[in-house]
>>> print(open('model_19.cif').read())   # mmCIF, C-alpha atoms
data_upload
#
loop_
_atom_site.label_atom_id
_atom_site.label_comp_id
_atom_site.auth_asym_id
_atom_site.auth_seq_id
_atom_site.Cartn_x
_atom_site.Cartn_y
_atom_site.Cartn_z
CA MET H 19 108.57 20.66 39.12
CA THR H 20 106.17 22.52 41.41
CA THR H 21 102.74 21.19 42.30
CA TYR H 22 100.98 23.62 39.98
CA GLU H 23 103.39 22.91 37.12
CA GLU H 24 102.67 19.20 37.53
CA LEU H 25 98.91 19.82 37.37
CA LYS H 26 99.42 21.58 34.05
CA ALA H 27 101.82 18.93 32.77
CA ARG H 28 99.24 16.26 33.52
CA GLY H 29 96.62 18.14 31.52
CA LEU H 30 94.42 18.94 34.49
CA ILE H 31 94.11 22.71 34.08
CA ALA H 32 91.89 24.23 31.40
CA GLN H 33 91.12 27.79 32.56
CA VAL H 34 92.33 29.83 35.49
CA THR H 35 91.56 33.22 36.95
CA ASP H 36 94.38 35.00 38.82
CA GLU H 37 96.85 32.30 37.77
CA GLU H 38 99.86 33.69 39.64
CA LYS H 39 97.89 33.82 42.90
CA VAL H 40 96.54 30.33 42.34
CA LYS H 41 100.02 29.01 41.63
CA GLU H 42 101.39 30.70 44.76
CA LEU H 43 98.65 29.22 46.96
CA VAL H 44 98.88 25.69 45.57
CA ASP H 45 102.68 25.51 45.57
CA ALA H 46 102.87 26.82 49.14
CA GLY H 47 100.27 24.31 50.35
CA LYS H 48 97.99 27.15 51.44
CA ALA H 49 95.00 26.47 49.22
CA VAL H 50 91.73 25.68 50.98
CA PHE H 51 89.79 24.43 48.00
CA TYR H 52 86.44 22.84 47.34
CA ILE H 53 84.92 20.59 44.70
CA GLY H 54 81.19 19.89 44.66
CA PHE H 55 79.48 16.51 44.32
CA ASP H 56 75.75 16.16 43.68
CA PRO H 57 74.38 13.11 45.56
CA THR H 58 72.12 11.94 42.74
CA ALA H 59 72.99 8.25 43.28
CA ASP H 60 74.15 6.08 46.18
CA SER H 61 77.64 5.68 44.72
CA LEU H 62 80.28 7.78 43.06
CA HIS H 63 81.25 6.70 39.54
CA VAL H 64 84.29 7.10 37.33
CA GLY H 65 82.97 10.46 36.15
CA HIS H 66 83.94 11.73 39.62
CA PHE H 67 87.35 10.10 39.44
CA MET H 68 89.33 13.05 38.15
CA ALA H 69 88.04 15.32 40.90
CA LEU H 70 88.85 12.75 43.61
CA CYS H 71 92.34 12.17 42.26
CA LEU H 72 92.97 15.90 42.06
CA MET H 73 91.86 16.37 45.68
CA LYS H 74 94.18 13.58 46.77
CA ARG H 75 97.07 15.03 44.75
CA LEU H 76 96.66 18.53 46.21
CA GLN H 77 96.22 17.21 49.74
CA MET H 78 99.50 15.31 49.38
CA ALA H 79 101.10 18.70 48.61
CA GLY H 80 99.81 20.16 51.89
CA ASN H 81 96.63 21.84 50.66
CA ARG H 82 93.28 21.39 52.41
CA PRO H 83 90.33 19.92 50.48
CA ILE H 84 86.65 20.54 51.16
CA ALA H 85 84.35 17.96 49.62
CA LEU H 86 81.07 19.81 49.27
CA ILE H 87 78.10 17.48 49.06
CA GLY H 88 75.17 19.13 47.32
CA GLY H 89 72.44 17.95 49.64
CA GLY H 90 70.70 21.29 49.17
CA THR H 91 71.35 21.97 45.49
CA ALA H 92 70.35 18.36 44.67
CA MET H 93 66.82 19.37 45.57
CA ILE H 94 66.92 21.83 42.66
CA GLY H 95 69.08 20.07 40.07
CA ASP H 96 71.99 21.38 38.00
CA PRO H 97 70.89 22.21 34.44
CA SER H 98 74.48 21.99 33.12
CA GLY H 99 74.88 19.38 30.41
CA ARG H 100 71.24 18.27 30.63
CA THR H 101 68.48 18.35 28.06
CA ASP H 102 65.65 17.90 30.54
CA MET H 103 64.80 18.68 34.13
CA ARG H 104 66.25 16.34 36.75
CA SER H 105 63.68 14.36 38.72
CA MET H 106 63.14 15.57 42.26
CA MET H 107 64.70 13.58 45.13
CA THR H 108 63.40 13.18 48.67
CA LYS H 109 65.40 14.35 51.68
CA GLU H 110 65.72 10.73 52.82
CA THR H 111 67.21 9.60 49.52
CA ILE H 112 69.65 12.50 49.46
CA HIS H 113 70.74 11.77 53.04
CA HIS H 114 71.34 8.10 52.21
CA ASN H 115 73.41 9.02 49.16
CA VAL H 116 75.48 11.51 51.16
CA GLU H 117 76.39 8.80 53.67
CA CYS H 118 77.50 6.50 50.84
CA PHE H 119 79.67 9.26 49.35
CA LYS H 120 81.44 9.87 52.65
CA LYS H 121 82.57 6.26 52.87
CA GLN H 122 83.87 6.13 49.30
CA MET H 123 85.67 9.47 49.47
CA SER H 124 87.65 8.31 52.49
CA ARG H 125 89.66 6.01 50.20
CA PHE H 126 91.02 9.08 48.45
CA ILE H 127 91.01 11.83 51.05
CA ASP H 128 92.31 11.91 54.62
CA PHE H 129 89.53 13.48 56.67
CA GLY H 130 91.66 13.58 59.80
CA GLU H 131 91.45 16.64 62.02
CA GLY H 132 92.59 19.75 60.17
CA LYS H 133 93.38 17.83 56.96
CA ALA H 134 90.11 17.92 55.04
CA MET H 135 86.42 18.54 55.50
CA LEU H 136 83.23 17.06 54.16
CA VAL H 137 80.44 19.64 54.16
CA ASP H 138 76.81 19.44 53.07
CA ASN H 139 75.35 22.64 51.60
CA ALA H 140 71.94 21.60 52.93
CA ASP H 141 73.23 22.96 56.26
CA TRP H 142 72.74 26.52 55.02
CA LEU H 143 70.62 26.33 51.86
CA LEU H 144 67.65 24.62 53.51
CA GLN H 145 67.57 27.28 56.22
CA LEU H 146 67.32 30.21 53.81
CA ASN H 147 64.39 32.59 53.81
CA TYR H 148 63.71 33.01 50.11
CA VAL H 149 62.67 36.67 50.24
CA GLU H 150 65.71 37.62 52.31
CA PHE H 151 67.98 35.57 50.06
CA ILE H 152 66.72 37.03 46.81
CA ARG H 153 66.88 40.60 48.21
CA ASP H 154 70.44 40.07 49.41
CA ILE H 155 71.93 37.96 46.59
CA GLY H 156 69.64 38.66 43.61
CA PRO H 157 70.95 42.20 42.88
CA CYS H 158 74.46 40.75 42.37
CA PHE H 159 73.38 38.81 39.26
CA SER H 160 72.43 40.08 35.80
CA VAL H 161 69.71 38.03 34.11
CA ASN H 162 71.07 39.04 30.69
CA GLN H 163 74.52 37.78 31.64
CA MET H 164 73.13 34.57 33.12
CA LEU H 165 71.25 33.79 29.92
CA ARG H 166 74.51 34.03 28.00
CA ALA H 167 76.04 31.32 30.18
CA GLU H 168 76.50 28.03 28.32
CA CYS H 169 74.74 26.03 31.03
CA TYR H 170 71.53 27.99 30.37
CA LYS H 171 71.88 28.64 26.64
CA GLN H 172 71.79 24.94 25.80
CA ARG H 173 68.52 24.52 27.69
CA MET H 174 66.60 27.51 26.38
CA GLU H 175 65.09 25.72 23.39
CA GLN H 176 64.06 22.61 25.36
CA GLY H 177 62.74 24.65 28.24
CA LEU H 178 64.41 25.90 31.42
CA SER H 179 62.39 25.98 34.63
CA PHE H 180 62.66 28.88 37.06
CA LEU H 181 63.63 26.31 39.70
CA GLU H 182 66.76 25.40 37.73
CA PHE H 183 67.42 29.06 36.95
CA ASN H 184 68.15 29.49 40.65
CA TYR H 185 71.00 26.97 40.52
CA MET H 186 73.72 29.49 39.67
CA LEU H 187 72.72 31.68 42.61
CA MET H 188 72.77 28.69 44.96
CA GLN H 189 76.18 27.46 43.79
CA SER H 190 77.62 30.97 43.98
CA TYR H 191 76.24 31.31 47.49
CA ASP H 192 77.96 28.02 48.40
CA PHE H 193 81.36 29.50 47.59
CA MET H 194 80.66 32.61 49.64
CA MET H 195 79.55 30.53 52.63
CA LEU H 196 82.62 28.29 52.38
CA PHE H 197 84.81 31.39 52.12
CA GLU H 198 83.26 32.95 55.21
CA LYS H 199 82.96 29.78 57.31
CA TYR H 200 86.13 27.88 56.44
CA GLY H 201 88.46 30.31 54.65
CA CYS H 202 87.94 28.54 51.31
CA ASN H 203 89.99 30.51 48.79
CA LEU H 204 89.87 28.32 45.71
CA GLN H 205 87.23 26.35 43.80
CA PHE H 206 87.63 23.61 41.23
CA GLY H 207 85.08 22.25 38.82
CA GLY H 208 84.45 20.96 35.33
CA ASP H 209 84.50 23.17 32.27
CA ASP H 210 80.70 22.94 32.24
CA GLN H 211 80.71 24.71 35.62
CA TRP H 212 82.76 27.73 34.54
CA SER H 213 79.87 30.23 34.53
CA ASN H 214 78.64 29.05 37.93
CA MET H 215 82.10 29.32 39.44
CA LEU H 216 82.70 32.80 38.05
CA GLY H 217 79.37 33.75 39.59
CA GLY H 218 80.64 32.58 42.98
CA ARG H 219 83.91 34.46 42.69
CA ASP H 220 82.15 37.65 41.62
CA LEU H 221 79.55 37.34 44.39
CA ILE H 222 82.29 37.20 47.04
CA ARG H 223 84.01 40.27 45.64
CA ARG H 224 80.77 42.23 45.38
CA LYS H 225 79.58 41.35 48.87
CA LEU H 226 82.90 41.28 50.71
CA GLY H 227 85.06 43.61 48.65
CA LYS H 228 87.70 43.12 45.95
CA GLU H 229 90.32 42.38 48.59
CA ALA H 230 88.59 39.05 49.18
CA GLU H 231 90.82 36.38 47.66
CA ALA H 232 88.49 34.03 45.82
CA MET H 233 89.75 32.27 42.72
CA THR H 234 88.65 29.60 40.29
CA ILE H 235 90.18 26.81 38.27
CA THR H 236 88.39 24.47 35.93
CA LEU H 237 89.54 20.97 35.26
CA LEU H 238 90.37 20.00 31.71
CA LEU H 239 87.99 17.35 30.39
CA ASN H 240 86.03 17.06 33.61
CA SER H 241 82.90 16.99 31.47
CA GLU H 242 84.54 14.25 29.41
CA GLY H 243 85.36 12.58 32.71
CA LYS H 244 81.63 12.34 33.37
CA LYS H 245 81.28 10.62 30.00
CA MET H 246 83.99 8.16 31.05
CA GLY H 247 81.53 6.81 33.57
CA LYS H 248 78.98 5.81 30.95
CA THR H 249 78.95 2.50 29.13
CA GLN H 250 76.31 0.85 27.02
CA LYS H 251 74.74 -0.64 30.14
CA GLY H 252 75.08 2.34 32.47
CA ALA H 253 77.60 3.86 34.85
CA VAL H 254 80.85 2.33 36.08
CA TRP H 255 80.53 2.72 39.83
CA LEU H 256 83.16 2.88 42.56
CA ASP H 257 80.91 0.75 44.78
CA PRO H 258 82.07 -2.90 44.38
CA ASN H 259 78.47 -4.07 44.85
CA LYS H 260 77.48 -2.18 41.70
CA THR H 261 80.64 -2.65 39.63
CA THR H 262 82.91 -5.49 40.74
CA PRO H 263 86.66 -4.82 41.00
CA PHE H 264 87.13 -7.11 37.99
CA GLU H 265 84.58 -5.18 35.90
CA PHE H 266 86.20 -1.94 37.04
CA PHE H 267 89.63 -3.26 35.98
CA GLN H 268 88.28 -4.36 32.62
CA TYR H 269 86.67 -0.98 31.99
CA TRP H 270 90.05 0.73 32.18
CA ARG H 271 91.83 -2.14 30.41
CA ASN H 272 89.59 -1.46 27.41
CA VAL H 273 89.85 2.32 27.11
CA ASP H 274 90.46 3.67 23.61
CA ASP H 275 94.07 3.69 22.48
CA ALA H 276 93.98 7.47 22.11
CA ASP H 277 92.99 7.92 25.78
CA VAL H 278 95.53 5.67 27.51
CA ILE H 279 98.33 8.19 28.07
CA LYS H 280 95.87 10.96 28.90
CA CYS H 281 94.27 8.78 31.60
CA LEU H 282 97.64 7.72 32.99
CA LYS H 283 98.66 11.36 33.36
CA MET H 284 95.41 12.67 34.83
CA LEU H 285 94.26 9.78 36.99
CA THR H 286 97.28 7.82 38.24
CA PHE H 287 100.06 8.80 40.61
CA LEU H 288 102.82 7.28 38.49
CA PRO H 289 105.75 9.68 37.88
CA LEU H 290 105.43 11.66 34.67
CA GLU H 291 108.85 10.41 33.58
CA GLU H 292 107.54 6.84 33.65
CA ILE H 293 104.42 7.79 31.69
CA HIS H 294 106.43 9.69 29.07
CA LYS H 295 108.27 6.47 28.23
CA MET H 296 104.93 4.87 27.32
CA GLU H 297 103.96 7.60 24.84
CA SER H 298 105.77 5.85 21.97
CA TRP H 299 104.35 2.40 22.78
CA GLN H 300 102.21 0.69 20.18
CA GLY H 301 100.56 -2.69 19.66
CA SER H 302 101.21 -5.13 22.48
CA GLU H 303 103.17 -2.49 24.40
CA LEU H 304 100.14 -0.19 24.34
CA ASN H 305 98.06 -3.04 25.73
CA ARG H 306 100.61 -3.29 28.53
CA ALA H 307 100.10 0.44 29.22
CA LYS H 308 96.35 -0.19 29.46
CA GLU H 309 97.04 -2.98 31.94
CA VAL H 310 99.14 -0.60 34.04
CA LEU H 311 96.33 1.98 33.96
CA ALA H 312 93.71 -0.58 34.97
CA TYR H 313 95.84 -1.97 37.77
CA GLU H 314 96.77 1.42 39.25
CA LEU H 315 93.18 2.69 39.29
CA THR H 316 91.75 -0.55 40.65
CA LYS H 317 94.35 -0.47 43.42
CA LEU H 318 93.43 3.12 44.22
CA VAL H 319 89.70 2.39 44.47
CA HIS H 320 89.57 -1.20 45.75
CA GLY H 321 92.99 -1.86 47.27
CA GLU H 322 96.07 -3.79 46.18
CA GLU H 323 94.65 -7.24 46.93
CA GLU H 324 91.61 -6.73 44.70
CA ALA H 325 93.79 -5.20 41.99
CA ASP H 326 96.04 -8.28 42.04
CA ARG H 327 92.99 -10.57 41.81
CA ALA H 328 91.56 -8.60 38.91
CA LEU H 329 94.89 -8.68 37.06
CA GLU H 330 95.22 -12.43 37.50
CA SER H 331 91.63 -13.00 36.38
CA ALA H 332 92.10 -10.80 33.33
CA LYS H 333 95.20 -12.73 32.29
CA ALA H 334 93.37 -16.02 32.82
CA LEU H 335 90.45 -14.81 30.73
CA PHE H 336 92.50 -13.85 27.71
CA SER H 337 95.08 -16.63 27.87
CA GLN H 338 92.91 -19.57 28.89
CA GLY H 339 89.34 -18.42 28.21
CA ASN H 340 88.53 -18.71 31.93
CA ALA H 341 88.78 -16.63 35.07
CA ALA H 342 87.65 -17.23 38.62
CA ASP H 343 86.72 -13.64 39.41
CA MET H 344 84.89 -12.44 36.31
CA PRO H 345 81.25 -11.26 36.36
CA THR H 346 78.83 -14.18 36.51
CA ALA H 347 75.31 -14.75 35.24
CA GLU H 348 73.20 -17.68 36.44
CA LEU H 349 70.61 -19.38 34.26
CA ALA H 350 67.38 -20.80 35.65
CA ALA H 351 65.96 -24.19 34.73
CA ASP H 352 63.12 -22.62 32.74
CA ASP H 353 65.65 -20.78 30.53
CA PHE H 354 66.20 -24.11 28.77
CA ALA H 355 63.94 -25.92 26.29
CA ASP H 356 64.60 -29.66 26.21
CA ASP H 357 67.80 -29.00 28.20
CA LYS H 358 69.12 -26.65 25.51
CA ILE H 359 69.42 -22.88 25.15
CA ASP H 360 69.91 -21.01 21.88
CA ILE H 361 72.63 -18.40 21.40
CA LEU H 362 70.23 -15.44 21.18
CA THR H 363 68.48 -16.32 24.43
CA LEU H 364 71.85 -17.01 26.05
CA LEU H 365 73.13 -13.54 25.22
CA VAL H 366 70.01 -11.91 26.63
CA LYS H 367 69.90 -14.03 29.79
CA ALA H 368 73.60 -13.40 30.40
CA GLY H 369 72.90 -9.65 30.41
CA LEU H 370 75.20 -8.97 27.46
CA VAL H 371 72.47 -7.51 25.24
CA PRO H 372 69.04 -6.01 26.03
CA SER H 373 67.12 -7.83 23.29
CA LYS H 374 67.22 -10.75 20.88
CA SER H 375 67.32 -8.36 17.92
CA GLU H 376 70.57 -6.87 19.21
CA ALA H 377 71.84 -10.37 19.95
CA ARG H 378 71.13 -11.30 16.32
CA ARG H 379 73.09 -8.30 15.03
CA ASN H 380 76.09 -9.17 17.20
CA VAL H 381 76.15 -12.78 16.00
CA GLU H 382 75.78 -11.75 12.36
CA GLN H 383 78.64 -9.27 12.74
CA GLY H 384 80.93 -11.95 14.16
CA GLY H 385 81.20 -10.38 17.59
CA VAL H 386 80.11 -13.34 19.75
CA SER H 387 82.19 -16.21 21.11
CA VAL H 388 81.57 -19.02 23.57
CA ASP H 389 84.60 -20.41 25.41
CA GLY H 390 86.88 -18.80 22.87
CA GLU H 391 85.05 -20.15 19.81
CA LYS H 392 83.31 -17.64 17.52
CA VAL H 393 79.59 -18.28 17.06
CA THR H 394 78.14 -17.33 13.66
CA ASP H 395 75.14 -19.67 13.50
CA LEU H 396 71.98 -17.90 14.68
CA LYS H 397 70.43 -21.29 15.47
CA ALA H 398 73.34 -22.55 17.58
CA THR H 399 72.26 -24.21 20.85
CA PHE H 400 74.10 -25.33 23.96
CA ASP H 401 73.39 -28.25 26.27
CA LYS H 402 72.42 -27.55 29.86
CA LYS H 403 75.14 -29.85 31.19
CA ILE H 404 78.00 -27.58 30.01
CA PHE H 405 76.72 -24.86 32.37
CA MET H 406 76.51 -27.16 35.39
CA SER H 407 80.16 -27.37 36.46
CA ASP H 408 82.49 -24.38 35.99
CA GLY H 409 80.20 -22.77 33.45
CA ILE H 410 81.19 -21.23 30.12
CA VAL H 411 82.56 -17.83 29.11
CA VAL H 412 80.33 -15.88 26.72
CA LYS H 413 81.84 -12.78 25.09
CA ARG H 414 80.24 -9.99 23.06
CA GLY H 415 82.87 -7.87 21.35
CA LYS H 416 86.13 -7.22 23.14
CA LYS H 417 84.80 -5.61 26.29
CA SER H 418 81.68 -7.49 27.40
CA PHE H 419 81.71 -11.01 28.79
CA ARG H 420 80.15 -13.21 31.46
CA LYS H 421 80.80 -16.57 32.98
CA VAL H 422 77.42 -18.27 32.62
CA ILE H 423 76.45 -21.07 35.01
CA CYS H 424 73.40 -23.11 35.95
CA ARG H 425 73.04 -24.76 39.37
#
>>> encode(input="model_19.cif", output="structure tokens")
Amino acid sequence: MTTYEELKARGLIAQVTDEEKVKELVDAGKAVFYIGFDPTADSLHVGHFMALCLMKRLQMAGNRPIALIGGGTAMIGDPSGRTDMRSMMTKETIHHNVECFKKQMSRFIDFGEGKAMLVDNADWLLQLNYVEFIRDIGPCFSVNQMLRAECYKQRMEQGLSFLEFNYMLMQSYDFMMLFEKYGCNLQFGGDDQWSNMLGGRDLIRRKLGKEAEAMTITLLLNSEGKKMGKTQKGAVWLDPNKTTPFEFFQYWRNVDDADVIKCLKMLTFLPLEEIHKMESWQGSELNRAKEVLAYELTKLVHGEEEADRALESAKALFSQGNAADMPTAELAADDFADDKIDILTLLVKAGLVPSKSEARRNVEQGGVSVDGEKVTDLKATFDKKIFMSDGIVVKRGKKSFRKVICR
């Protein structure tokens, strides 16, 4: 199976322009491709995971990745998939986030000489003279056509600022600059980026001639991949200081049954033959497939040692109701009244629910347990002394839990 055929077999390709040329480039290891990352936080999250894994996969086949950090476009904000305007970021914040991205990406991509590049579009976008830019690039874009693009259509009713309207021009200009500076001949992105990427391809051909080889591919479910990074309490980060390796492991261990095989194909480097054998698994076997997924992705992000620790802790949690490496919450002395704490306050203080009203609903629905015992009494209380040694394990539902201690 060729590299391109494997990408399709893993469900990574949604739409392609010039497919035969793309296939030829990728299979020959001659693709110089870029994927963009907006530095809107100081850590990547699992919504970026598919793109990082794809870059690693293509680099292993001899192709050359360019990780384009949107230090310039972040100052405008991408309207795609948003219902409101993104808040403006300072140059200092963007620079800090870019530095954090570089460190995390190095776990996936070899940035050795001639193997890959990390480029910041602020290097050219912030130097632009607006009048010169709009005179040179503006005539290449039809406003009528832009307004038909999905990324703009969905914002028209809520309101689309002229600042954001420039985003397509900026992203298109990025591709042309990468083409001219580094010989970038291929761009990847999510299905929500399709209009922007076509704009970049067309800009190159209009400015540099149809002989310019500039192609696009979109990644299947990349937009869904962004949703993967969202939980009830926020994003699942690749930074271990934001999401511990154990929490990261547990996130993947608890994916929906319908997504297990899809995630194994798209995100892991296990042979397809091995994954195909899991497609018929059900019940406890399917749980084993989830464990494989969680272990492989934790190893990829945090290393084999942390993956082993997370696996051991997960087994301890579900077999013995205890684990040394699970997320921990610490109670303060004033959280107790007469050396006791009620179940609703405990759930809130442990960070498992945002309010006592939600805590009440979870208890009433039978979704709360303490050290493996279901709690159904809304007035249940717990003595301070049980938190003083190894603590207790408080669970809400199947996916949220904390070891709660008090020093």
>>> resolve_selection(input="model_19.cif", expression="the PyMOL selection byres ((chain H and resi 290-306) around 10)", output="short mmCIF file (atom, residue, chain, number, x, y, z; two decimals) with C-alpha atoms, keeping the file's coordinate frame")
data_model
loop_
_atom_site.label_atom_id
_atom_site.label_comp_id
_atom_site.auth_asym_id
_atom_site.auth_seq_id
_atom_site.Cartn_x
_atom_site.Cartn_y
_atom_site.Cartn_z
CA GLU H 24 102.67 19.20 37.53
CA ALA H 27 101.82 18.93 32.77
CA ARG H 28 99.24 16.26 33.52
CA ARG H 271 91.83 -2.14 30.41
CA ASN H 272 89.59 -1.46 27.41
CA VAL H 273 89.85 2.32 27.11
CA ASP H 275 94.07 3.69 22.48
CA VAL H 278 95.53 5.67 27.51
CA ILE H 279 98.33 8.19 28.07
CA LYS H 280 95.87 10.96 28.90
CA LEU H 282 97.64 7.72 32.99
CA LYS H 283 98.66 11.36 33.36
CA THR H 286 97.28 7.82 38.24
CA PHE H 287 100.06 8.80 40.61
CA LEU H 288 102.82 7.28 38.49
CA PRO H 289 105.75 9.68 37.88
CA ALA H 307 100.10 0.44 29.22
CA LYS H 308 96.35 -0.19 29.46
CA GLU H 309 97.04 -2.98 31.94
CA VAL H 310 99.14 -0.60 34.04
CA LEU H 311 96.33 1.98 33.96
CA ALA H 312 93.71 -0.58 34.97
#
>>> residues_around(input="model_19.cif", residues="H:Phe267", least_positions_apart="3", cutoff="6 Å", atoms="all atoms listed in the file", output="number ranges by chain")
H: 264, 270, 312, 316
>>> closest_residue(input="model_19.cif", among="H:Gln176, H:Gln268, H:Gln122, H:Thr58", to="H:Leu318", atoms="all atoms listed in the file")
H:Gln122
>>> resolve_selection(input="model_19.cif", expression="the PyMOL selection byres ((chain H and resi 197) around 12)", output="VMD selection string")
chain H and resid 49 to 52 84 190 to 196 198 to 205 218 to 219 221 to 223 225 to 226 230 to 233
>>> residues_around(input="model_19.cif", residues="H:Cys71", least_positions_apart="4", cutoff="10 Å", atoms="only C-alpha atoms", output="PyMOL selection string")
chain H and resi 66-67+75-77+126-127+284-287+315+318
>>> resolve_selection(input="model_19.cif", expression="the PyMOL selection byres ((chain H and resi 134) around 9)", output="ChimeraX atom specification")
/H:50,77,81-85,127-133,135-136
>>> atom_distance(input="model_19.cif", atom1="atom CA of H:Lys403", atom2="atom CA of H:Val366")
19.2 Å
>>> residues_around(input="model_19.cif", residues="H:Asn380", least_positions_apart="3", cutoff="12 Å", atoms="only C-alpha atoms", output="ChimeraX atom specification")
/H:361-362,365-366,370-377,383-387,392-396,413-416,418
>>> closest_residue(input="model_19.cif", among="H:Tyr148, H:Arg166, H:Phe419, H:Phe266", to="H:Ala328", atoms="all atoms listed in the file")
H:Phe266
>>> residues_around(input="model_19.cif", residues="stretch 87-92 of chain H", least_positions_apart="6", cutoff="7 Å", atoms="all atoms listed in the file", output="ChimeraX atom specification")
/H:54-58,112,116,137-140,143-144,188
>>> write_last_selection(input="model_19.cif", atoms="C-alpha atoms", output="CSV table (one decimal), keeping the file's coordinate frame")
chain,number,residue,atom,x,y,z
H,54,GLY,CA,81.2,19.9,44.7
H,55,PHE,CA,79.5,16.5,44.3
H,56,ASP,CA,75.8,16.2,43.7
H,57,PRO,CA,74.4,13.1,45.6
H,58,THR,CA,72.1,11.9,42.7
H,112,ILE,CA,69.6,12.5,49.5
H,116,VAL,CA,75.5,11.5,51.2
H,137,VAL,CA,80.4,19.6,54.2
H,138,ASP,CA,76.8,19.4,53.1
H,139,ASN,CA,75.4,22.6,51.6
H,140,ALA,CA,71.9,21.6,52.9
H,143,LEU,CA,70.6,26.3,51.9
H,144,LEU,CA,67.6,24.6,53.5
H,188,MET,CA,72.8,28.7,45.0
>>> closest_residue(input="model_19.cif", among="H:Leu256, H:Met215, H:Leu25, H:Met174", to="H:Ala59", atoms="only C-alpha atoms")
H:Leu256
>>> atom_distance(input="model_19.cif", atom1="atom CA of H:Gly409", atom2="atom CA of H:Met344")
11.7 Å
>>> closest_residue(input="model_19.cif", among="H:Pro258, H:Gly321, H:Gly29, H:Gly80", to="H:Lys48", atoms="only C-alpha atoms")
H:Gly80
>>> residues_around(input="model_19.cif", residues="H:Thr346", least_positions_apart="3", cutoff="12 Å", atoms="only C-alpha atoms", output="PyMOL selection string")
chain H and resi 262+264-265+340-343+349+367-370+405+408-413+418-424
>>> write_last_selection(input="model_19.cif", atoms="C-alpha atoms", output="compact mmCIF listing (two decimals), in the coordinates of the input")
# COMPACT_ATOMS: atom_id res chain seq x y z
CA THR H 262 82.91 -5.49 40.74
CA PHE H 264 87.13 -7.11 37.99
CA GLU H 265 84.58 -5.18 35.90
CA ASN H 340 88.53 -18.71 31.93
CA ALA H 341 88.78 -16.63 35.07
CA ALA H 342 87.65 -17.23 38.62
CA ASP H 343 86.72 -13.64 39.41
CA LEU H 349 70.61 -19.38 34.26
CA LYS H 367 69.90 -14.03 29.79
CA ALA H 368 73.60 -13.40 30.40
CA GLY H 369 72.90 -9.65 30.41
CA LEU H 370 75.20 -8.97 27.46
CA PHE H 405 76.72 -24.86 32.37
CA ASP H 408 82.49 -24.38 35.99
CA GLY H 409 80.20 -22.77 33.45
CA ILE H 410 81.19 -21.23 30.12
CA VAL H 411 82.56 -17.83 29.11
CA VAL H 412 80.33 -15.88 26.72
CA LYS H 413 81.84 -12.78 25.09
CA SER H 418 81.68 -7.49 27.40
CA PHE H 419 81.71 -11.01 28.79
CA ARG H 420 80.15 -13.21 31.46
CA LYS H 421 80.80 -16.57 32.98
CA VAL H 422 77.42 -18.27 32.62
CA ILE H 423 76.45 -21.07 35.01
CA CYS H 424 73.40 -23.11 35.95
>>> atom_distance(input="model_19.cif", atom1="atom CA of H:Leu70", atom2="atom CA of H:Arg125")
9.5 Å
>>> closest_residue(input="model_19.cif", among="H:Ala398, H:Met93, H:Cys158, H:Ala46", to="H:Leu181", atoms="all atoms listed in the file")
H:Met93
>>> closest_residue(input="model_19.cif", among="H:Met123, H:Met78, H:Leu364, H:Met107", to="H:Ser61", atoms="all atoms listed in the file")
H:Met123
>>> decode(input="model_19.cif", residues="stretch 371-389 of chain H", atoms="C-alpha atoms", output="PDB file, in the first residue's frame")
ATOM      1  CA  VAL H 371     -19.113  19.954  39.065  1.00  0.00           C
ATOM      2  CA  PRO H 372     -19.365  23.752  38.806  1.00  0.00           C
ATOM      3  CA  SER H 373     -22.272  24.170  41.234  1.00  0.00           C
ATOM      4  CA  LYS H 374     -24.245  22.491  43.991  1.00  0.00           C
ATOM      5  CA  SER H 375     -27.337  22.378  41.778  1.00  0.00           C
ATOM      6  CA  GLU H 376     -25.457  20.255  39.246  1.00  0.00           C
ATOM      7  CA  ALA H 377     -24.040  18.168  42.088  1.00  0.00           C
ATOM      8  CA  ARG H 378     -27.603  17.541  43.285  1.00  0.00           C
ATOM      9  CA  ARG H 379     -28.697  16.378  39.820  1.00  0.00           C
ATOM     10  CA  ASN H 380     -25.775  13.958  39.575  1.00  0.00           C
ATOM     11  CA  VAL H 381     -26.511  12.421  42.973  1.00  0.00           C
ATOM     12  CA  GLU H 382     -30.225  12.103  42.211  1.00  0.00           C
ATOM     13  CA  GLN H 383     -29.424  10.410  38.897  1.00  0.00           C
ATOM     14  CA  GLY H 384     -27.195   7.852  40.604  1.00  0.00           C
ATOM     15  CA  GLY H 385     -23.999   9.034  38.968  1.00  0.00           C
ATOM     16  CA  VAL H 386     -21.869   9.658  42.070  1.00  0.00           C
ATOM     17  CA  SER H 387     -19.721   7.215  44.034  1.00  0.00           C
ATOM     18  CA  VAL H 388     -17.188   7.532  46.833  1.00  0.00           C
ATOM     19  CA  ASP H 389     -14.514   4.829  47.066  1.00  0.00           C
TER      20      ASP H 389
END
